[in-house]
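J.: Just one file: data.cif, with mmCIF, C-alpha atoms.
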```cif
data_my_file
loop_
_atom_site.label_atom_id
_atom_site.label_comp_id
_atom_site.auth_asym_id
_atom_site.auth_seq_id
_atom_site.Cartn_x
_atom_site.Cartn_y
_atom_site.Cartn_z
CA MET A 1 100.43 -170.05 173.11
CA CYS A 2 101.38 -173.26 171.41
CA GLY A 3 100.52 -176.91 171.38
CA GLN A 4 102.91 -179.79 171.86
CA GLU A 5 103.30 -182.95 169.87
CA TRP A 6 105.36 -185.99 170.73
CA VAL A 7 106.48 -188.40 168.03
CA VAL A 8 107.83 -191.55 169.69
CA GLU A 9 109.46 -194.55 168.04
CA ALA A 10 110.40 -197.64 170.03
CA HIS A 11 112.56 -200.36 168.49
CA GLY A 12 113.68 -203.81 169.59
CA CYS A 13 110.42 -204.40 171.47
CA ASP A 14 109.13 -207.78 172.60
CA PRO A 15 106.87 -208.90 169.72
CA ALA A 16 104.30 -210.51 172.04
CA SER A 17 103.86 -207.24 173.95
CA LEU A 18 103.20 -205.39 170.68
CA ALA A 19 100.29 -207.76 169.95
CA ASP A 20 98.86 -207.43 173.48
CA LEU A 21 95.76 -205.24 173.30
CA GLY A 22 95.67 -204.91 177.10
CA ARG A 23 99.13 -203.31 177.11
CA LEU A 24 98.08 -200.77 174.48
CA ARG A 25 94.93 -199.95 176.44
CA ASP A 26 97.08 -199.45 179.56
CA LEU A 27 99.49 -197.20 177.65
CA PHE A 28 96.62 -194.99 176.46
CA ALA A 29 95.06 -194.87 179.96
CA ARG A 30 98.35 -193.91 181.61
CA LEU A 31 99.07 -191.20 179.07
CA ILE A 32 95.58 -189.74 179.36
CA GLU A 33 95.81 -189.68 183.15
CA ALA A 34 99.40 -188.44 183.47
CA LEU A 35 99.04 -185.67 180.89
CA GLU A 36 95.59 -184.70 182.21
CA LEU A 37 93.93 -185.29 178.85
CA HIS A 38 90.24 -185.75 178.16
CA ALA A 39 89.06 -188.53 175.86
CA VAL A 40 86.01 -187.57 173.79
CA GLU A 41 85.13 -191.26 173.39
CA ALA A 42 86.75 -194.53 174.42
CA PRO A 43 89.88 -195.33 172.39
CA LEU A 44 89.39 -197.46 169.29
CA PHE A 45 91.75 -200.31 168.43
CA HIS A 46 92.14 -202.56 165.42
CA GLN A 47 94.27 -205.70 165.56
CA PHE A 48 95.56 -207.13 162.30
CA PRO A 49 94.92 -210.87 161.92
CA HIS A 50 98.20 -212.02 160.37
CA THR A 51 100.82 -210.04 162.27
CA GLY A 52 98.91 -209.23 165.46
CA GLY A 53 99.92 -205.58 165.07
CA ILE A 54 97.59 -203.01 166.57
CA THR A 55 96.47 -199.55 165.50
CA GLY A 56 94.95 -197.42 168.24
CA LEU A 57 93.35 -193.99 168.15
CA CYS A 58 91.83 -191.79 170.81
CA LEU A 59 90.15 -188.51 169.98
CA LEU A 60 90.94 -186.03 172.74
CA ALA A 61 89.36 -182.72 173.62
CA GLU A 62 92.98 -181.53 173.34
CA SER A 63 93.61 -183.26 169.96
CA HIS A 64 94.60 -186.93 169.54
CA LEU A 65 96.61 -189.94 170.65
CA ALA A 66 97.58 -192.59 168.09
CA CYS A 67 99.70 -195.73 168.14
CA HIS A 68 100.77 -198.37 165.65
CA THR A 69 102.59 -201.57 166.57
CA TYR A 70 104.56 -203.82 164.25
CA PRO A 71 105.43 -207.10 165.99
CA GLU A 72 107.10 -208.38 162.82
CA TYR A 73 109.54 -205.42 162.99
CA ARG A 74 109.62 -205.24 166.81
CA SER A 75 108.58 -201.58 166.70
CA LEU A 76 105.96 -199.25 168.14
CA CYS A 77 105.12 -195.78 166.82
CA LEU A 78 103.26 -193.33 169.04
CA ASN A 79 101.92 -189.83 168.41
CA VAL A 80 100.46 -187.54 171.06
CA PHE A 81 99.22 -184.09 170.06
CA CYS A 82 97.96 -181.62 172.68
CA CYS A 83 96.59 -178.14 172.07
CA ARG A 84 98.53 -176.67 175.00
CA PRO A 85 101.76 -177.49 176.83
CA ARG A 86 101.82 -180.56 179.06
CA PRO A 87 104.32 -181.88 181.58
CA GLU A 88 107.06 -184.15 180.28
CA TRP A 89 106.35 -187.87 180.53
CA ASP A 90 108.86 -190.73 180.74
CA PHE A 91 108.13 -192.32 177.37
CA VAL A 92 111.56 -193.99 177.35
CA GLY A 93 111.25 -195.64 180.76
CA TYR A 94 107.67 -196.78 180.20
CA LEU A 95 108.24 -198.29 176.75
CA LYS A 96 111.42 -200.04 177.87
CA ARG A 97 109.70 -201.44 180.95
CA GLU A 98 106.31 -202.40 179.43
CA PHE A 99 107.28 -203.31 175.86
CA GLY A 100 110.92 -204.36 176.28
CA ALA A 101 112.12 -201.63 173.91
CA ALA A 102 115.87 -201.64 173.33
CA LYS A 103 115.84 -198.10 171.91
CA VAL A 104 113.31 -195.28 172.17
CA ASP A 105 113.47 -192.01 170.23
CA VAL A 106 111.29 -189.15 171.47
CA ARG A 107 110.83 -185.95 169.49
CA ARG A 108 108.82 -183.12 170.97
CA VAL A 109 107.55 -180.51 168.57
CA ASP A 110 106.16 -177.20 169.77
CA ARG A 111 103.21 -176.23 167.58
CA PRO A 112 102.81 -172.41 167.72
CA TYR A 113 99.49 -170.92 166.72
CA GLY A 114 99.48 -168.07 164.25
CA THR A 115 102.40 -166.50 162.40
CA ALA A 116 105.55 -165.18 164.06
CA ASP A 117 104.16 -161.62 163.80
CA GLU A 118 100.90 -162.67 165.47
CA ARG A 119 102.79 -164.33 168.36
CA ARG A 120 104.69 -161.15 169.33
#
```
Take the structure in the file and write it out as structure tokens.

T.:
Amino acid sequence: MCGQEWVVEAHGCDPASLADLGRLRDLFARLIEALELHAVEAPLFHQFPHTGGITGLCLLAESHLACHTYPEYRSLCLNVFCCRPRPEWDFVGYLKREFGAAKVDVRRVDRPYGTADERR
């Protein structure tokens, strides 16, 4: 058994979309629904006054969902960690469509539990 973690970086985004709290809330809601996750509490968001960038965090029964936006750099960084495998999600299509990303890099990391000997 292993968990899965996605590290997603989107570049060339529309700066206004990265400062739009509603879009970040929608992103979290869609991920939670599509990946069948369970939020322990409502997501928390903090918007920075000078840049409009947003940091979001949602504690999940399965682990966590976090996002940081940088309108001044036109980038969005997303991290989703789940304690067990989940279906693939179209991070690239969603971030291009909703945030105007020119380039999206998605890395999926399998997080095995225990040592190699214990997993045999």

J.: Assuming the chain letters and numbering stay as they are in my file, what does the PyMOL selection byres ((chain A and resi 15) around 8) actually select? List them as a short mmCIF file (atom, residue, chain, number, x, y, z; two decimals) with C-alpha atoms, in the coordinates of the input.

T.:
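Result file selection.cif:
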```cif
data_model
loop_
_atom_site.label_atom_id
_atom_site.label_comp_id
_atom_site.auth_asym_id
_atom_site.auth_seq_id
_atom_site.Cartn_x
_atom_site.Cartn_y
_atom_site.Cartn_z
CA CYS A 13 110.42 -204.40 171.47
CA ASP A 14 109.13 -207.78 172.60
CA ALA A 16 104.30 -210.51 172.04
CA SER A 17 103.86 -207.24 173.95
CA LEU A 18 103.20 -205.39 170.68
CA ALA A 19 100.29 -207.76 169.95
CA TYR A 70 104.56 -203.82 164.25
CA PRO A 71 105.43 -207.10 165.99
CA GLU A 72 107.10 -208.38 162.82
CA ARG A 74 109.62 -205.24 166.81
#
```

J.: The PyMOL selection byres ((chain A and resi 84) around 12) - which residues does that actually catch in the file I just gave you? List them as a list in words.

T.: Met1, Cys2, Gly3, Gln4, Glu5, Leu35, Glu36, Leu37, Ala61, Glu62, Ser63, Val80, Phe81, Cys82, Cys83, Pro85, Arg86, Pro87, Val109, Asp110, Arg111, Pro112 and Tyr113 of chain A

J.: Please write the residues picked by the PyMOL selection byres ((chain A and resi 21) around 12) on this file as a list of chain:residue names.

T.: A:Ala16, A:Ser17, A:Leu18, A:Ala19, A:Asp20, A:Gly22, A:Arg23, A:Leu24, A:Arg25, A:Asp26, A:Leu27, A:Phe28, A:Pro43, A:Leu44, A:Phe45, A:His46, A:Gln47, A:Phe48, A:Gly52, A:Gly53, A:Ile54, A:Thr55, A:Gly56, A:Cys67, A:His68, A:Thr69, A:Phe99

J.: Could the residues in this selection be written to a file with C-alpha atoms, as a PDB file, keeping the file's coordinate frame?

T.:
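The result, stored in out.pdb:
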```pdb
ATOM      1  CA  ALA A  16     104.300-210.510 172.040  1.00  0.00           C
ATOM      2  CA  SER A  17     103.860-207.240 173.950  1.00  0.00           C
ATOM      3  CA  LEU A  18     103.200-205.390 170.680  1.00  0.00           C
ATOM      4  CA  ALA A  19     100.290-207.760 169.950  1.00  0.00           C
ATOM      5  CA  ASP A  20      98.860-207.430 173.480  1.00  0.00           C
ATOM      6  CA  GLY A  22      95.670-204.910 177.100  1.00  0.00           C
ATOM      7  CA  ARG A  23      99.130-203.310 177.110  1.00  0.00           C
ATOM      8  CA  LEU A  24      98.080-200.770 174.480  1.00  0.00           C
ATOM      9  CA  ARG A  25      94.930-199.950 176.440  1.00  0.00           C
ATOM     10  CA  ASP A  26      97.080-199.450 179.560  1.00  0.00           C
ATOM     11  CA  LEU A  27      99.490-197.200 177.650  1.00  0.00           C
ATOM     12  CA  PHE A  28      96.620-194.990 176.460  1.00  0.00           C
ATOM     13  CA  PRO A  43      89.880-195.330 172.390  1.00  0.00           C
ATOM     14  CA  LEU A  44      89.390-197.460 169.290  1.00  0.00           C
ATOM     15  CA  PHE A  45      91.750-200.310 168.430  1.00  0.00           C
ATOM     16  CA  HIS A  46      92.140-202.560 165.420  1.00  0.00           C
ATOM     17  CA  GLN A  47      94.270-205.700 165.560  1.00  0.00           C
ATOM     18  CA  PHE A  48      95.560-207.130 162.300  1.00  0.00           C
ATOM     19  CA  GLY A  52      98.910-209.230 165.460  1.00  0.00           C
ATOM     20  CA  GLY A  53      99.920-205.580 165.070  1.00  0.00           C
ATOM     21  CA  ILE A  54      97.590-203.010 166.570  1.00  0.00           C
ATOM     22  CA  THR A  55      96.470-199.550 165.500  1.00  0.00           C
ATOM     23  CA  GLY A  56      94.950-197.420 168.240  1.00  0.00           C
ATOM     24  CA  CYS A  67      99.700-195.730 168.140  1.00  0.00           C
ATOM     25  CA  HIS A  68     100.770-198.370 165.650  1.00  0.00           C
ATOM     26  CA  THR A  69     102.590-201.570 166.570  1.00  0.00           C
ATOM     27  CA  PHE A  99     107.280-203.310 175.860  1.00  0.00           C
TER      28      PHE A  99
END
```

J.: Between CA of Lys96 in chain A and CA of Leu57 in chain A, what is the distance in Å, rounded to a tenth?

T.: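 CA of Leu57 in chain A lies 21.4 Å from CA of Lys96 in chain A.
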
J.: For a test of reading the model, state the distance in Å between CA of Ala29 in chain A and CA of Arg107 in chain A, rounded to one decimal.

T.: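 Answer for the CA of Ala29 in chain A to CA of Arg107 in chain A separation: 20.9 Å.
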
J.: Just the residues within 7 Å of Ala39 in chain A, please, counting all atoms listed in the file, with nothing from its chain fewer than 5 positions along; format it as a PyMOL selection string.

T.: chain A and resi 58-61

J.: Please return the centre and edge lengths, in Å to one decimal, of a box with edges along x, y and z that contains all listed atoms of range 14-24 of chain A, widened by 3 Å on every side, as AutoDock Vina command-line options.

T.:
```
--center_x 102.4 --center_y -205.6 --center_z 173.4 --size_x 19.5 --size_y 15.7 --size_z 13.4
```

J.: Restricting the calculation to only C-alpha atoms: of A:Leu31, A:Lys103, A:Tyr94, A:Trp89, which residue gets closest to His64 in chain A?

T.: A:Leu31

J.: Kindly give the distance, in Å, that separates CA of Gly12 in chain A and CA of Ala42 in chain A, rounded to a single decimal.

T.: 28.9 Å

J.: Nearest to Cys77 in chain A: which of A:Gly100, A:Leu65, A:Ala34, A:Val40 is it, counting all atoms listed in the file?

T.: A:Leu65

J.: Between A:Arg108, A:Asp90, A:Arg97, A:Leu78, single out the one closest to Ala10 in chain A, counting all atoms listed in the file.

T.: A:Leu78

J.: Please determine, counting all atoms listed in the file, which residue among A:His11, A:Ile32, A:Glu41, A:Trp6 has the shortest atom-to-atom distance to Ala102 in chain A.

T.: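 Smallest distance to Ala102 in chain A is found for A:His11.
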
J.: Could I get chain A from the block written as an mmCIF file, in the first residue's frame, with C-alpha atoms?

T.:
```
data_model
loop_
_atom_site.group_PDB
_atom_site.id
_atom_site.type_symbol
_atom_site.label_atom_id
_atom_site.label_comp_id
_atom_site.auth_asym_id
_atom_site.auth_seq_id
_atom_site.Cartn_x
_atom_site.Cartn_y
_atom_site.Cartn_z
ATOM 1 C CA MET A 1 0.000 0.000 0.000
ATOM 2 C CA CYS A 2 1.210 3.475 -0.740
ATOM 3 C CA GLY A 3 0.012 7.028 -0.813
ATOM 4 C CA GLN A 4 0.223 9.410 -3.732
ATOM 5 C CA GLU A 5 1.395 12.972 -3.849
ATOM 6 C CA TRP A 6 1.086 15.432 -6.699
ATOM 7 C CA VAL A 7 3.384 18.427 -6.942
ATOM 8 C CA VAL A 8 2.020 20.802 -9.576
ATOM 9 C CA GLU A 9 3.578 24.003 -10.875
ATOM 10 C CA ALA A 10 1.736 26.269 -13.303
ATOM 11 C CA HIS A 11 3.541 29.125 -15.049
ATOM 12 C CA GLY A 12 2.455 31.977 -17.302
ATOM 13 C CA CYS A 13 -0.904 32.252 -15.522
ATOM 14 C CA ASP A 14 -3.228 35.243 -15.707
ATOM 15 C CA PRO A 15 -2.229 37.368 -12.680
ATOM 16 C CA ALA A 16 -5.822 38.426 -11.932
ATOM 17 C CA SER A 17 -6.931 34.786 -11.704
ATOM 18 C CA LEU A 18 -4.153 34.061 -9.198
ATOM 19 C CA ALA A 19 -5.540 36.788 -6.908
ATOM 20 C CA ASP A 20 -9.133 35.548 -7.255
ATOM 21 C CA LEU A 21 -10.103 33.791 -4.029
ATOM 22 C CA GLY A 22 -13.233 32.349 -5.653
ATOM 23 C CA ARG A 23 -11.138 30.517 -8.252
ATOM 24 C CA LEU A 24 -8.934 28.989 -5.556
ATOM 25 C CA ARG A 25 -12.002 27.891 -3.589
ATOM 26 C CA ASP A 26 -13.397 26.303 -6.774
ATOM 27 C CA LEU A 27 -10.089 24.523 -7.441
ATOM 28 C CA PHE A 28 -10.090 23.030 -3.935
ATOM 29 C CA ALA A 29 -13.772 22.005 -4.207
ATOM 30 C CA ARG A 30 -13.256 20.316 -7.574
ATOM 31 C CA LEU A 31 -10.191 18.429 -6.389
ATOM 32 C CA ILE A 32 -11.907 17.263 -3.215
ATOM 33 C CA GLU A 33 -14.931 16.051 -5.165
ATOM 34 C CA ALA A 34 -13.093 14.467 -8.102
ATOM 35 C CA LEU A 35 -10.530 12.637 -5.965
ATOM 36 C CA GLU A 36 -13.186 11.618 -3.414
ATOM 37 C CA LEU A 37 -11.370 13.334 -0.559
ATOM 38 C CA HIS A 38 -12.778 14.303 2.820
ATOM 39 C CA ALA A 39 -12.067 17.725 4.273
ATOM 40 C CA VAL A 40 -11.696 17.703 8.061
ATOM 41 C CA GLU A 41 -12.609 21.408 8.168
ATOM 42 C CA ALA A 42 -13.333 24.063 5.572
ATOM 43 C CA PRO A 43 -10.214 25.155 3.660
ATOM 44 C CA LEU A 44 -8.343 28.154 5.042
ATOM 45 C CA PHE A 45 -7.037 30.911 2.784
ATOM 46 C CA HIS A 46 -4.815 33.911 3.348
ATOM 47 C CA GLN A 47 -4.521 36.669 0.750
ATOM 48 C CA PHE A 48 -1.452 38.887 0.856
ATOM 49 C CA PRO A 49 -2.265 42.617 0.730
ATOM 50 C CA HIS A 50 0.455 43.882 -1.606
ATOM 51 C CA THR A 51 0.631 41.205 -4.287
ATOM 52 C CA GLY A 52 -2.820 39.648 -3.956
ATOM 53 C CA GLY A 53 -1.197 36.206 -3.819
ATOM 54 C CA ILE A 54 -3.083 33.520 -1.953
ATOM 55 C CA THR A 55 -2.024 30.656 0.290
ATOM 56 C CA GLY A 56 -4.620 27.938 0.797
ATOM 57 C CA LEU A 57 -4.626 24.849 2.974
ATOM 58 C CA CYS A 58 -7.149 22.092 3.528
ATOM 59 C CA LEU A 59 -6.611 19.375 6.093
ATOM 60 C CA LEU A 60 -7.970 16.125 4.681
ATOM 61 C CA ALA A 61 -8.796 12.849 6.374
ATOM 62 C CA GLU A 62 -6.457 11.491 3.678
ATOM 63 C CA SER A 63 -3.697 14.092 4.321
ATOM 64 C CA HIS A 64 -3.625 17.616 2.848
ATOM 65 C CA LEU A 65 -4.176 19.971 -0.071
ATOM 66 C CA ALA A 66 -2.113 23.172 -0.297
ATOM 67 C CA CYS A 67 -1.749 25.944 -2.849
ATOM 68 C CA HIS A 68 0.307 29.114 -3.191
ATOM 69 C CA THR A 69 -0.219 31.715 -5.903
ATOM 70 C CA TYR A 70 2.234 34.375 -7.006
ATOM 71 C CA PRO A 71 0.521 36.898 -9.303
ATOM 72 C CA GLU A 72 3.749 38.913 -9.542
ATOM 73 C CA TYR A 73 5.484 35.837 -11.037
ATOM 74 C CA ARG A 74 2.385 34.513 -12.853
ATOM 75 C CA SER A 75 2.730 31.160 -11.080
ATOM 76 C CA LEU A 76 0.693 28.745 -8.993
ATOM 77 C CA CYS A 77 2.110 25.919 -6.879
ATOM 78 C CA LEU A 78 -0.166 23.087 -5.769
ATOM 79 C CA ASN A 79 0.430 20.073 -3.537
ATOM 80 C CA VAL A 80 -2.031 17.224 -3.014
ATOM 81 C CA PHE A 81 -1.088 14.354 -0.706
ATOM 82 C CA CYS A 82 -3.380 11.337 -0.296
ATOM 83 C CA CYS A 83 -2.833 8.331 1.947
ATOM 84 C CA ARG A 84 -3.958 5.890 -0.752
ATOM 85 C CA PRO A 85 -4.006 5.837 -4.551
ATOM 86 C CA ARG A 86 -6.492 8.081 -6.335
ATOM 87 C CA PRO A 87 -7.600 8.372 -9.949
ATOM 88 C CA GLU A 88 -5.600 10.679 -12.194
ATOM 89 C CA TRP A 89 -6.971 14.199 -12.544
ATOM 90 C CA ASP A 90 -6.480 16.631 -15.434
ATOM 91 C CA PHE A 91 -4.388 19.218 -13.593
ATOM 92 C CA VAL A 92 -2.978 20.505 -16.899
ATOM 93 C CA GLY A 93 -6.330 21.087 -18.592
ATOM 94 C CA TYR A 94 -7.943 22.647 -15.526
ATOM 95 C CA LEU A 95 -5.098 25.057 -14.748
ATOM 96 C CA LYS A 96 -4.783 26.116 -18.386
ATOM 97 C CA ARG A 97 -8.526 26.676 -18.662
ATOM 98 C CA GLU A 98 -9.202 28.332 -15.274
ATOM 99 C CA PHE A 99 -5.930 30.186 -14.644
ATOM 100 C CA GLY A 100 -4.644 30.736 -18.184
ATOM 101 C CA ALA A 101 -1.476 28.749 -17.490
ATOM 102 C CA ALA A 102 0.924 28.597 -20.428
ATOM 103 C CA LYS A 103 2.856 25.664 -18.937
ATOM 104 C CA VAL A 104 1.950 23.130 -16.267
ATOM 105 C CA ASP A 105 4.350 20.589 -14.754
ATOM 106 C CA VAL A 106 2.820 17.691 -12.823
ATOM 107 C CA ARG A 107 4.914 15.281 -10.789
ATOM 108 C CA ARG A 108 3.272 12.326 -9.122
ATOM 109 C CA VAL A 109 5.177 10.669 -6.325
ATOM 110 C CA ASP A 110 4.174 7.290 -4.948
ATOM 111 C CA ARG A 111 4.704 7.278 -1.184
ATOM 112 C CA PRO A 112 5.201 3.649 -0.048
ATOM 113 C CA TYR A 113 4.659 2.815 3.588
ATOM 114 C CA GLY A 114 7.324 0.845 5.400
ATOM 115 C CA THR A 115 10.685 -0.345 4.115
ATOM 116 C CA ALA A 116 11.205 -2.371 0.946
ATOM 117 C CA ASP A 117 11.469 -5.552 3.061
ATOM 118 C CA GLU A 118 8.193 -4.776 4.827
ATOM 119 C CA ARG A 119 6.394 -4.224 1.495
ATOM 120 C CA ARG A 120 7.242 -7.702 0.135
#
```
